[in-house]
Every structure is written in structure tokens, then in C-alpha cells.
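Trainee: Hey, dropping coords.csv in here, CSV, C-alpha atoms:
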chain,number,residue,atom,x,y,z
A,1,MET,CA,3.5,-11.2,43.5
A,2,LEU,CA,4.0,-14.1,41.2
A,3,ARG,CA,5.2,-13.2,37.7
A,4,PRO,CA,3.8,-15.1,34.7
A,5,SER,CA,6.2,-17.6,33.1
A,6,PRO,CA,7.5,-16.7,29.6
A,7,ALA,CA,5.1,-19.3,28.1
A,8,GLN,CA,2.1,-17.7,30.0
A,9,ALA,CA,3.2,-14.2,28.9
A,10,LYS,CA,3.4,-15.3,25.3
A,11,ALA,CA,0.0,-17.0,25.4
A,12,SER,CA,-1.5,-13.9,26.9
A,13,ALA,CA,0.0,-11.7,24.2
A,14,MET,CA,-1.4,-14.0,21.6
A,15,THR,CA,-4.9,-13.9,23.2
A,16,HIS,CA,-4.9,-10.2,23.9
A,17,PRO,CA,-3.2,-8.0,21.3
A,18,GLU,CA,-1.1,-5.2,22.7
A,19,ARG,CA,-3.0,-2.0,22.8
A,20,PRO,CA,-1.3,0.6,20.6
A,21,ARG,CA,-0.5,4.1,22.0
A,22,ARG,CA,-2.7,6.5,20.1
A,23,ASN,CA,-2.7,10.2,20.7
A,24,PHE,CA,-6.0,12.0,20.2
A,25,TYR,CA,-6.0,15.7,19.5
A,26,GLY,CA,-9.6,16.7,18.7
A,27,ARG,CA,-12.4,17.9,20.9
A,28,LEU,CA,-14.4,15.4,22.9
A,29,LYS,CA,-17.0,17.8,24.4
A,30,GLY,CA,-18.1,21.4,23.8
A,31,LYS,CA,-20.9,23.3,25.4
A,32,SER,CA,-23.1,21.6,28.0
A,33,LEU,CA,-25.6,19.3,26.5
A,34,LYS,CA,-29.3,20.2,26.6
A,35,GLN,CA,-31.4,18.0,28.8
A,36,SER,CA,-33.1,16.5,25.7
A,37,GLN,CA,-29.6,15.6,24.3
A,38,LYS,CA,-28.6,13.9,27.5
A,39,GLY,CA,-31.8,11.9,27.2
A,40,TYR,CA,-30.9,10.8,23.7
A,41,ILE,CA,-27.5,9.6,24.9
A,42,GLU,CA,-28.9,7.8,27.9
A,43,GLU,CA,-31.8,6.2,26.1
A,44,ASP,CA,-30.7,5.6,22.5
A,45,LEU,CA,-26.9,5.4,22.2
A,46,GLU,CA,-26.3,1.9,23.6
A,47,ALA,CA,-28.9,0.3,21.4
A,48,LEU,CA,-27.2,1.8,18.3
A,49,SER,CA,-23.7,0.3,19.1
A,50,PRO,CA,-22.2,-1.7,16.2
A,51,GLY,CA,-20.8,-4.1,18.9
A,52,PRO,CA,-17.8,-4.1,21.2
A,53,VAL,CA,-15.2,-1.7,19.8
A,54,ASP,CA,-13.3,-0.2,22.7
A,55,TRP,CA,-10.3,-2.0,23.9
A,56,ASP,CA,-11.7,-2.5,27.4
A,57,ALA,CA,-14.8,-4.2,25.9
A,58,ASN,CA,-13.0,-6.1,23.2
A,59,PRO,CA,-9.3,-6.8,24.2
A,60,ASP,CA,-9.1,-9.7,21.8
A,61,ARG,CA,-10.1,-7.3,18.9
A,62,THR,CA,-12.7,-9.8,17.8
A,63,PRO,CA,-14.2,-8.6,14.5
A,64,LEU,CA,-17.7,-7.1,14.5
A,65,ASP,CA,-20.5,-9.3,13.1
A,66,LEU,CA,-21.7,-7.0,10.4
A,67,PRO,CA,-24.0,-9.5,8.6
A,68,THR,CA,-26.0,-9.9,11.8
A,69,LEU,CA,-25.8,-6.2,12.6
A,70,PHE,CA,-27.4,-5.1,9.3
A,71,GLY,CA,-29.0,-8.3,8.1
A,72,GLY,CA,-26.5,-8.8,5.3
A,73,LYS,CA,-26.9,-5.3,3.8
A,74,PRO,CA,-23.9,-3.5,2.2
A,75,VAL,CA,-22.2,-1.4,4.9
A,76,TRP,CA,-21.0,2.2,4.6
A,77,LEU,CA,-18.8,4.1,7.0
A,78,GLU,CA,-18.7,7.8,7.8
A,79,VAL,CA,-15.7,9.0,9.7
A,80,GLY,CA,-16.4,12.1,11.8
A,81,PHE,CA,-20.1,12.7,11.1
A,82,GLY,CA,-20.2,16.1,12.7
A,83,GLY,CA,-23.8,17.0,13.4
A,84,GLY,CA,-25.0,13.9,11.6
A,85,GLU,CA,-27.1,15.5,8.9
A,86,HIS,CA,-25.3,13.7,6.0
A,87,MET,CA,-25.4,10.3,7.7
A,88,VAL,CA,-29.2,10.5,8.4
A,89,HIS,CA,-29.8,11.8,4.9
A,90,GLN,CA,-27.9,8.9,3.4
A,91,ALA,CA,-29.6,6.4,5.7
A,92,ALA,CA,-33.1,7.7,4.7
A,93,LYS,CA,-32.2,7.6,1.0
A,94,ASN,CA,-30.6,4.1,1.2
A,95,PRO,CA,-32.7,1.9,3.4
A,96,ASP,CA,-31.0,-1.1,1.8
A,97,VAL,CA,-27.7,-0.1,3.2
A,98,GLY,CA,-26.3,-0.1,6.8
A,99,ILE,CA,-24.3,2.9,7.9
A,100,ILE,CA,-21.8,3.1,10.7
A,101,GLY,CA,-20.8,6.5,11.9
A,102,CYS,CA,-17.7,7.4,14.0
A,103,GLU,CA,-17.5,10.6,16.0
A,104,PRO,CA,-15.7,11.2,19.3
A,105,TYR,CA,-17.3,14.7,19.9
A,106,ILE,CA,-20.1,13.9,22.2
A,107,ASN,CA,-22.1,17.0,21.2
A,108,GLY,CA,-22.1,15.8,17.6
A,109,VAL,CA,-23.2,12.3,18.8
A,110,ALA,CA,-26.1,13.9,20.7
A,111,MET,CA,-27.2,16.0,17.6
A,112,LEU,CA,-27.1,12.8,15.4
A,113,LEU,CA,-29.3,10.9,17.9
A,114,GLY,CA,-31.9,13.7,17.8
A,115,LYS,CA,-31.9,13.6,14.0
A,116,ILE,CA,-32.2,9.8,14.0
A,117,ARG,CA,-35.3,10.1,16.2
A,118,ARG,CA,-36.9,12.6,14.0
A,119,ALA,CA,-36.1,10.8,10.8
A,120,GLY,CA,-37.1,7.4,12.1
A,121,VAL,CA,-34.2,5.6,10.3
A,122,ASP,CA,-33.2,2.2,11.7
A,123,ASN,CA,-30.2,1.3,9.5
A,124,VAL,CA,-27.5,3.1,11.4
A,125,ALA,CA,-24.9,2.3,14.1
A,126,ILE,CA,-22.8,4.7,16.1
A,127,HIS,CA,-19.3,4.4,17.5
A,128,PRO,CA,-18.8,7.5,19.8
A,129,GLY,CA,-15.0,7.4,19.6
A,130,ASP,CA,-11.8,7.2,17.6
A,131,ALA,CA,-12.2,5.7,14.1
A,132,ARG,CA,-8.8,3.9,14.6
A,133,ASP,CA,-10.4,1.7,17.2
A,134,ILE,CA,-13.2,0.6,14.9
A,135,PHE,CA,-10.7,0.0,12.1
A,136,ASP,CA,-9.2,-2.6,14.5
A,137,VAL,CA,-12.5,-4.6,14.6
A,138,LEU,CA,-14.0,-4.2,11.2
A,139,PRO,CA,-13.5,-7.3,9.1
A,140,GLU,CA,-11.1,-7.0,6.3
A,141,ALA,CA,-12.8,-6.0,3.0
A,142,SER,CA,-16.2,-5.5,4.6
A,143,ILE,CA,-17.0,-1.9,3.8
A,144,ASP,CA,-18.6,-0.8,0.5
A,145,ARG,CA,-18.3,3.0,0.9
A,146,ALA,CA,-16.6,5.5,3.2
A,147,PHE,CA,-17.0,9.2,3.7
A,148,LEU,CA,-14.6,11.8,5.1
A,149,LEU,CA,-16.5,15.1,5.1
A,150,TYR,CA,-15.0,18.4,6.2
A,151,PRO,CA,-12.5,16.8,8.6
A,152,ASP,CA,-10.5,18.9,11.1
A,153,PRO,CA,-8.1,20.8,8.8
A,154,TRP,CA,-5.3,21.2,11.3
A,155,PRO,CA,-4.0,24.2,9.4
A,156,LYS,CA,-0.6,24.6,11.0
A,157,THR,CA,2.2,22.8,9.2
A,158,ARG,CA,3.5,21.2,12.3
A,159,HIS,CA,0.0,19.7,12.9
A,160,HIS,CA,-0.5,18.2,9.4
A,161,ARG,CA,0.5,14.8,10.8
A,162,ARG,CA,-2.7,14.9,12.8
A,163,ARG,CA,-4.9,15.0,9.7
A,164,PHE,CA,-6.9,11.9,8.8
A,165,VAL,CA,-5.2,11.7,5.4
A,166,THR,CA,-2.0,10.1,6.8
A,167,PRO,CA,-0.8,6.5,6.7
A,168,GLU,CA,-1.9,5.9,10.3
A,169,HIS,CA,-5.5,6.3,9.2
A,170,LEU,CA,-5.5,5.5,5.5
A,171,GLU,CA,-3.8,2.1,5.7
A,172,PRO,CA,-6.3,0.6,8.1
A,173,LEU,CA,-9.1,2.3,6.1
A,174,ALA,CA,-7.9,0.7,2.9
A,175,LYS,CA,-7.7,-2.7,4.6
A,176,VAL,CA,-11.4,-2.7,5.6
A,177,LEU,CA,-12.7,-1.4,2.3
A,178,LYS,CA,-13.7,-3.9,-0.4
A,179,PRO,CA,-12.0,-3.8,-3.7
A,180,GLY,CA,-13.9,-1.3,-5.8
A,181,ALA,CA,-15.3,0.5,-2.8
A,182,ILE,CA,-15.8,4.3,-3.1
A,183,PHE,CA,-14.1,6.7,-0.7
A,184,ARG,CA,-15.5,10.3,-0.8
A,185,VAL,CA,-13.6,13.3,0.7
A,186,ALA,CA,-15.1,16.8,1.0
A,187,THR,CA,-13.0,19.7,2.2
A,188,ASP,CA,-12.8,23.5,1.8
A,189,ILE,CA,-9.1,23.7,2.6
A,190,GLU,CA,-6.9,23.7,-0.4
A,191,ASP,CA,-3.8,22.3,1.4
A,192,TYR,CA,-6.0,19.5,2.7
A,193,VAL,CA,-6.9,18.8,-1.0
A,194,ARG,CA,-3.2,18.7,-1.8
A,195,GLN,CA,-2.3,16.3,1.0
A,196,THR,CA,-5.3,14.1,0.1
A,197,LEU,CA,-4.3,13.8,-3.5
A,198,GLU,CA,-0.8,13.0,-2.5
A,199,GLN,CA,-1.5,10.4,0.2
A,200,VAL,CA,-4.7,8.6,-0.7
A,201,PRO,CA,-3.5,7.2,-4.1
A,202,ARG,CA,-0.4,5.8,-2.3
A,203,ARG,CA,-2.6,3.6,-0.1
A,204,GLY,CA,-4.3,1.7,-2.9
A,205,PHE,CA,-6.9,4.2,-4.3
A,206,GLU,CA,-7.6,5.6,-7.7
A,207,TRP,CA,-8.8,9.2,-8.0
A,208,LEU,CA,-11.8,9.1,-10.4
A,209,ALA,CA,-11.9,12.7,-11.6
A,210,GLU,CA,-11.9,13.2,-15.4
A,211,ARG,CA,-12.9,16.8,-15.6
A,212,PRO,CA,-13.0,19.9,-13.3
A,213,GLY,CA,-16.6,19.4,-12.5
A,214,ASP,CA,-15.8,16.1,-10.9
A,215,TRP,CA,-14.2,17.8,-7.9
A,216,LYS,CA,-15.9,21.2,-8.1
A,217,GLU,CA,-19.5,20.0,-8.2
A,218,PRO,CA,-21.1,18.1,-5.3
A,219,TRP,CA,-22.2,14.5,-5.7
A,220,GLY,CA,-25.8,13.9,-6.9
A,221,ASP,CA,-26.9,12.6,-3.6
A,222,TRP,CA,-25.2,15.3,-1.5
A,223,ILE,CA,-26.7,17.3,1.3
A,224,SER,CA,-24.9,20.4,2.3
A,225,THR,CA,-23.7,20.2,5.9
A,226,ARG,CA,-23.5,23.0,8.5
A,227,TYR,CA,-19.7,22.8,8.1
A,228,GLU,CA,-20.0,23.4,4.3
A,229,GLN,CA,-22.4,26.3,4.9
A,230,LYS,CA,-19.9,27.9,7.3
A,231,ALA,CA,-17.2,27.5,4.6
A,232,LEU,CA,-19.3,29.1,2.0
A,233,ARG,CA,-20.2,32.1,4.3
A,234,GLU,CA,-16.5,32.6,4.9
A,235,GLY,CA,-15.6,32.5,1.2
A,236,ARG,CA,-13.9,29.1,1.0
A,237,VAL,CA,-14.5,26.8,-2.0
A,238,PRO,CA,-15.6,23.2,-1.4
A,239,HIS,CA,-13.9,20.3,-3.1
A,240,TYR,CA,-15.5,16.9,-3.7
A,241,LEU,CA,-12.9,14.2,-4.2
A,242,THR,CA,-13.9,10.6,-5.2
A,243,PHE,CA,-11.6,7.7,-5.0
A,244,ARG,CA,-12.0,4.0,-5.7
A,245,LYS,CA,-10.2,1.2,-3.8
A,246,THR,CA,-8.1,-0.8,-6.2
Can you dump the structure from the file as C-alpha cells?

Mentor:
Amino acid sequence: MLRPSPAQAKASAMTHPERPRRNFYGRLKGKSLKQSQKGYIEEDLEALSPGPVDWDANPDRTPLDLPTLFGGKPVWLEVGFGGGEHMVHQAAKNPDVGIIGCEPYINGVAMLLGKIRRAGVDNVAIHPGDARDIFDVLPEASIDRAFLLYPDPWPKTRHHRRRFVTPEHLEPLAKVLKPGAIFRVATDIEDYVRQTLEQVPRRGFEWLAERPGDWKEPWGDWISTRYEQKALREGRVPHYLTFRKT
């Protein structure tokens, strides 16, 4: 087999960035999907793609064309949309905004697709995979608002490095957010609050709280998700943290 020359290898590396090694620890699938949910995925998911995100489809990591995708609207990003109720709620309330949702858990993707059908919203796009992959292809300073709502808490100390609020996730998030963009974090885990308040400001964000109500009371356009309702039933206290990209 012929080996490429050093010049050819260098040219290939410049054309196709090296794929990083990324461990993924969350769930990809839960219970078997209902027949209707399988239909949502087969019939609707492809049309709601934001563009080529996965490395196999976009080895050059060409940036997504957001102006064409959403007609020049401001773009919001929800990382880990769970069952999709918040994403659909925001899309319905803000038709002048485009919203991209990332979620690798296929059951959650199917639930979101059903909600999109019922709500009739058309200003959404879905990446059914790792948020780190979409960070690669979002243009720099292109996102106006981001949400991280009830992320996986990874409660064991040795697993805290798997949380979203680590440099591996926060640095590329900061890169794609516009200056002045808002980043909302909701969690019912006190230690997650601690880590968020330690790590997020280090990555170029300002915490906007001025009084206790600013983190104890939900945002004015908030809709309580199933994860929040579970936390309340189990006696945990939600926290609502608002940051601004500096």
C-alpha cells in the first residue's frame, strides 16, 4: 500500500481537522420507542437538521449557515433539551427567533418531535447528538442565548469532570456566544450550583444576580419541566442562574 508523502499528509490534515477523542457518558436510549415516536423520527427528524454536524458528514468542520437556516433571525441554543417542553414553549413564544436543540438521548428527541407536531412551531432545529460536535461547526459569536436546564448532575465526586460546567464544554460555548449573550442554567443540585458559579465566570461570563430572588425565582418566561417537577416532589430546591457573556 502506498503511503502519502509528508506534503500530502500535511495537506490532508489542513483540509480535514483531526477528530478529537471524546468520551460520552450519558444515556443514548431508554425504553423502546412507541410506534408513533418511531414515526416522528423517520418522518420529521431529518428535515429539522441544522445542517451537517457529525464528523462523518462534515469532516472539514465547515460552519453551519445559520442565516439561511433561520432567515436571519437571532439564534438560541438549548443544550440537553430533555423531553423538549421548554424548547417548544420558547419557540412558540418567540417566533422571531430560531432555536437549535441538542440531545443525544433518542427517547427525548422523539418526545420533542411529538411536541413540535402538536404545537406547529417551525422555528426549531435538532441535533440528536453530543453538543461538543455542534460547537465545532457553529460560527464564532453566532448565538444570542443558551440554556442548560437540569443537566445530568453526576453526583459522585469522581464524576464531576463529566458535568457540562467544565472547561471542555464551557470554552467552546463561550466562543459561539455573542458578546452580551445570555446563558441560563437551572439545577436542583446544590453542588452543581457551586461548580457552576466557580467555573462559568472563569470562561468569560458575568453572573447577573443582585438579590436572592434572582436565583431563587424562575425566569418570567419559564415553563416548569418534568425534571423540575420531579425535583420538587423529592424535596429539592431549584436554582435559576443567569449569566451574560462579556

Trainee: Near segment 186-202 of chain A, within 7 Å and counting all atoms listed in the file, which residues show up once chain neighbours fewer than 3 positions away are dropped, as a PyMOL selection string?

Mentor: chain A and resi 148-150+153+165-166+170+205-207+231+236-241

Trainee: May I ask which of the residues A:Val75, A:Leu66, A:Ile116, A:Ala110 is the closest one to Ala181 of chain A, counting all atoms listed in the file?

Mentor: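 Going through A:Val75, A:Leu66, A:Ile116, A:Ala110 one by one, the smallest distance to Ala181 of chain A is for A:Val75.
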
Trainee: What does the distance from atom CA of Leu177 of chain A to atom CA of Ile100 of chain A come to in Å, to one decimal?

Mentor: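 Taking atom CA of Leu177 of chain A as the start and atom CA of Ile100 of chain A as the end point, the length is 13.2 Å.
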
Trainee: One decimal, in Å: what's the spacing between atom CA of Asp96 of chain A and atom CA of Lys175 of chain A?

Mentor: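 Separation between atom CA of Asp96 of chain A and atom CA of Lys175 of chain A: 23.5 Å.
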
Trainee: Can you find the residues with an atom no farther than 12 Å from (-20.1, -4.9, 1.6), counting all atoms listed in the file, and report them as a ChimeraX atom specification?

Mentor: /A:66-67,70-77,96-99,138-146,176-182

Trainee: Give the answer as one residue: which of A:Leu45, A:Val185, A:Leu64, A:Ile106 has the shortest atom-to-atom distance to Trp222 of chain A, using only C-alpha atoms?

Mentor: A:Val185

Trainee: Looking at only C-alpha atoms, which of A:Leu69, A:Ala119, A:Ile134, A:Leu173 is the one that sits closest to Gln90 of chain A?

Mentor: A:Ala119

Trainee: By how many Å are atom CA of Asp56 of chain A and atom CA of Asn123 of chain A apart?

Mentor: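 Answer for the atom CA of Asp56 of chain A to atom CA of Asn123 of chain A separation: 26.0 Å.
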
Trainee: Which of these, A:Lys115, A:Glu42, A:Val53, A:Pro17, has the shortest distance to Gly129 of chain A once you count all atoms listed in the file?

Mentor: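 So, comparing all the options, the nearest one is A:Val53.
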
Trainee: Return the single residue from A:Ala174, A:Gly114, A:Thr225, A:Lys230 that is closest to Gln35 of chain A, with distances computed using all atoms listed in the file.

Mentor: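 Closest residue, counting all atoms listed in the file: A:Gly114.
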
Trainee: Using all atoms listed in the file, which of the listed residues (A:Val109, A:Asp221, A:Pro59, A:Leu208) sits closest to Arg244 of chain A?

Mentor: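 Using all atoms listed in the file, the shortest distance to Arg244 of chain A belongs to A:Leu208.
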
Trainee: Which residues are near Met87 of chain A? Cut-off 8 Å, all atoms listed in the file, ignore same chain within fewer than 6 positions. Put them as a tab-separated table (two decimals) with C-alpha atoms, in the frame of the given file.

Mentor:
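So the final result, stored in result_20.tsv, reads:
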chain	number	residue	atom	x	y	z
A	78	GLU	CA	-18.70	7.80	7.80
A	81	PHE	CA	-20.10	12.70	11.10
A	99	ILE	CA	-24.30	2.90	7.90
A	101	GLY	CA	-20.80	6.50	11.90
